[in-house]
>>> print(open('run.txt').read())   # compact mmCIF, C-alpha atoms
# COMPACT_ATOMS: atom_id res chain seq x y z
CA MET F 277 0.00 0.00 0.00
CA THR F 278 1.48 3.35 -0.97
CA LEU F 279 0.90 6.43 1.12
CA ALA F 280 -0.77 8.27 -1.76
CA MET F 281 -3.49 5.60 -1.90
CA ALA F 282 -3.83 5.24 1.89
CA ARG F 283 -6.86 6.28 3.86
CA CYS F 284 -7.80 6.22 7.50
CA ILE F 285 -9.25 2.91 8.60
CA GLY F 286 -10.72 3.93 11.96
CA LYS F 287 -8.40 2.08 14.35
CA SER F 288 -7.96 3.23 17.92
CA GLY F 289 -6.62 6.77 18.10
CA CYS F 290 -7.72 7.54 14.54
CA SER F 291 -9.21 11.03 14.20
CA ASN F 292 -10.36 10.51 10.59
CA ASP F 293 -8.85 13.90 9.67
CA PRO F 294 -7.39 13.17 6.20
CA ASN F 295 -5.45 16.44 5.99
CA ALA F 296 -2.87 15.54 8.64
CA GLY F 297 -0.50 13.46 6.51
CA ARG F 298 -0.89 12.34 2.88
CA GLY F 299 -4.55 11.46 3.19
CA LEU F 300 -4.10 9.88 6.62
CA CYS F 301 -4.81 11.17 10.11
CA ILE F 302 -1.74 11.67 12.32
CA GLN F 303 -2.17 8.31 14.07
CA CYS F 304 -2.50 6.31 10.83
CA TYR F 305 0.31 8.27 9.17
CA THR F 306 2.80 7.47 11.94
CA ARG F 307 1.67 3.82 11.89
CA HIS F 308 2.20 3.44 8.12
CA ARG F 309 4.88 5.98 7.20
CA ASN F 310 7.61 3.36 6.83
CA ASN F 311 5.63 0.91 4.69
CA GLY F 312 7.58 0.11 1.54
CA THR F 313 10.76 1.81 2.69
CA LEU F 314 14.12 0.43 3.67
CA LYS F 315 13.50 1.50 7.27
CA ASN F 316 11.49 -1.71 7.58
CA PHE F 317 14.55 -3.79 6.73
CA PRO F 318 17.68 -3.52 8.89
CA THR F 319 19.93 -4.69 6.07
CA MET F 320 19.66 -5.05 2.33
CA ARG F 321 20.56 -8.74 2.75
CA GLU F 322 17.30 -9.30 4.63
CA ARG F 323 15.40 -7.32 1.99
CA THR F 324 16.95 -9.40 -0.78
CA ALA F 325 16.12 -12.62 1.06
CA GLN F 326 12.52 -11.49 1.41
CA LEU F 327 12.25 -10.61 -2.30
CA ARG F 328 13.73 -13.99 -3.27
CA ALA F 329 11.30 -15.79 -0.97
CA ALA F 330 8.43 -13.92 -2.65
CA ARG F 331 9.91 -14.92 -6.05
CA LEU F 332 10.17 -11.26 -7.10
CA ILE F 333 13.84 -11.64 -8.04
CA ASP F 334 15.76 -14.62 -9.39
CA PRO F 335 17.15 -16.59 -6.43
CA TYR F 336 20.11 -17.82 -8.46
CA LYS F 337 21.26 -14.47 -9.81
CA THR F 338 23.58 -12.55 -7.51
CA THR F 339 25.84 -9.59 -8.07
CA ALA F 340 28.90 -11.80 -7.63
CA GLU F 341 27.71 -14.20 -10.32
CA ALA F 342 26.94 -11.33 -12.71
CA SER F 343 30.41 -9.93 -12.05
CA LYS F 344 31.98 -13.31 -12.71
CA ARG F 345 30.10 -13.69 -16.02
CA TRP F 346 31.17 -10.15 -17.06
CA ARG F 347 34.81 -10.95 -16.23
CA HIS F 348 34.65 -14.23 -18.20
CA ARG F 349 33.24 -12.38 -21.23
CA ASN F 350 36.11 -9.89 -20.98
CA TYR F 351 38.66 -12.69 -20.71
CA ALA F 352 37.23 -14.31 -23.85
CA GLU F 353 37.79 -11.10 -25.86
CA ARG F 354 41.57 -11.10 -25.30
CA VAL F 355 43.87 -11.45 -28.28
CA VAL F 356 47.38 -12.86 -28.50
CA VAL F 357 50.03 -10.26 -29.29
CA GLY F 358 53.47 -11.83 -29.42
CA SER F 359 53.00 -14.50 -26.77
CA VAL F 360 50.89 -12.40 -24.38
CA LEU F 361 47.10 -12.15 -23.97
CA ILE F 362 46.00 -8.52 -24.27
CA HIS F 363 42.48 -7.13 -24.18
CA PRO F 364 41.85 -4.79 -27.15
CA SER F 365 39.61 -2.26 -25.39
CA ALA F 366 40.70 -2.44 -21.74
CA PRO F 367 41.76 0.76 -19.93
CA HIS F 368 45.47 -0.10 -20.16
CA GLY F 369 47.84 1.04 -17.44
CA LYS F 370 45.33 0.42 -14.64
CA VAL F 371 44.97 -2.45 -12.20
CA HIS F 372 41.35 -2.75 -13.34
CA ALA F 373 42.57 -3.85 -16.79
CA TYR F 374 44.78 -6.53 -15.23
CA ASN F 375 42.11 -7.94 -12.89
CA SER F 376 38.79 -7.43 -14.68
CA TYR F 377 39.81 -7.64 -18.33
CA GLY F 378 42.62 -10.16 -17.89
CA CYS F 379 45.05 -8.02 -19.87
CA ARG F 380 48.56 -9.39 -19.38
CA GLY F 381 50.33 -6.78 -21.47
CA ALA F 382 53.52 -5.22 -20.12
CA MET F 383 51.81 -1.93 -19.19
CA CYS F 384 48.97 -3.60 -17.28
CA LYS F 385 51.37 -5.96 -15.55
CA ALA F 386 53.50 -2.95 -14.56
CA ALA F 387 50.36 -1.26 -13.19
CA TYR F 388 49.66 -4.36 -11.12
CA LEU F 389 53.23 -4.40 -9.75
CA TYR F 390 53.07 -0.65 -9.10
CA TYR F 391 49.85 -1.14 -7.14
CA LYS F 392 51.40 -3.96 -5.08
CA GLY F 393 54.34 -1.71 -4.20
CA THR F 394 52.64 1.65 -3.69
CA GLY F 395 48.88 1.07 -3.36
CA VAL F 396 48.14 3.38 -6.32
CA LEU F 397 45.72 1.89 -8.86
CA ILE F 398 46.91 3.77 -11.97
CA LEU F 399 50.35 4.23 -13.46
CA PRO F 400 51.59 7.83 -13.41
CA ASP F 401 50.48 9.87 -16.44
CA ASP F 402 54.05 10.57 -17.57
CA ILE F 403 54.53 6.80 -17.96
CA ARG F 404 51.05 5.72 -19.05
CA GLY F 405 50.08 8.61 -21.31
CA THR F 406 46.52 9.80 -21.76
CA GLN F 407 44.79 6.82 -23.43
CA PRO F 408 47.14 3.93 -24.07
CA THR F 409 46.23 1.55 -26.88
CA LEU F 410 46.75 -2.18 -27.30
CA ASP F 411 50.08 -1.53 -29.03
CA ASP F 412 51.22 0.80 -26.24
CA CYS F 413 50.43 -1.91 -23.71
CA ALA F 414 52.29 -4.58 -25.68
CA GLU F 415 55.38 -2.44 -26.34
CA PHE F 416 55.72 -1.00 -22.85
CA ASP F 417 59.29 -1.17 -21.48
CA VAL F 418 58.95 -2.80 -18.06
CA GLU F 419 62.67 -2.74 -17.20
CA THR F 420 62.88 1.05 -17.53
CA PHE F 421 59.70 1.43 -15.52
CA VAL F 422 60.84 -0.85 -12.71
CA GLY F 423 64.17 0.96 -12.47
CA ALA F 424 62.52 4.37 -12.30
CA TYR F 425 59.43 3.74 -10.15
CA LEU F 426 59.76 0.59 -8.11
>>> encode(input="run.txt", output="structure tokens")
Amino acid sequence: MTLAMARCIGKSGCSNDPNAGRGLCIQCYTRHRNNGTLKNFPTMRERTAQLRAARLIDPYKTTAEASKRWRHRNYAERVVVGSVLIHPSAPHGKVHAYNSYGCRGAMCKAAYLYYKGTGVLILPDDIRGTQPTLDDCAEFDVETFVGAYL
């Protein structure tokens, strides 16, 4: 029941004055103001469990599974350049490209090592450039980078 469609039902304490709160008297408004809101559910996990029990959402589809399917689709799009698997449209030079796209190019691998050493998710702009391409990722000079930054 939404508050716009609600009306006073004459329970104890009801004044039947519909102008007090969205068509409800003060007593009925305070009784029903949280219906359909997240205040009724202490955590989203409980809300999700309730929706699955009511068969309003697919009980076998979770965010983690959707993420896993997305990652597998990205891994399938990789191409072999030299002897390395590189994703053609990944955001090269970021840890995200290494983990989510499965890009194993020199630039993405350097970004992963840089993150492990410093905690920074992106290579510095003077190394990475503005928008590195697949060729930039494949031809990246790791030895120079490691000597200068790690």
>>> residues_around(input="run.txt", residues="Cys379 in chain F", least_positions_apart="6", cutoff="12 Å", atoms="all atoms listed in the file", output="number ranges by chain")
F: 347, 350-357, 360-373, 385-388, 409-410, 413-414
>>> atom_distance(input="run.txt", atom1="CA of Arg345 in chain F", atom2="CA of Thr324 in chain F")
20.6 Å
>>> atom_distance(input="run.txt", atom1="CA of Ala382 in chain F", atom2="CA of Val418 in chain F")
6.3 Å
>>> closest_residue(input="run.txt", among="F:Gln326, F:Ile398, F:Arg331, F:Arg380", to="Ser359 in chain F", atoms="only C-alpha atoms")
F:Arg380
>>> atom_distance(input="run.txt", atom1="CA of Gly395 in chain F", atom2="CA of Arg349 in chain F")
27.3 Å
>>> axis_aligned_box(input="run.txt", around="range 385-401 of chain F", padding_each_side="4 Å", output="JSON")
{"center_x": 50.0, "center_y": 2.0, "center_z": -9.9, "size_x": 16.6, "size_y": 23.8, "size_z": 21.1}
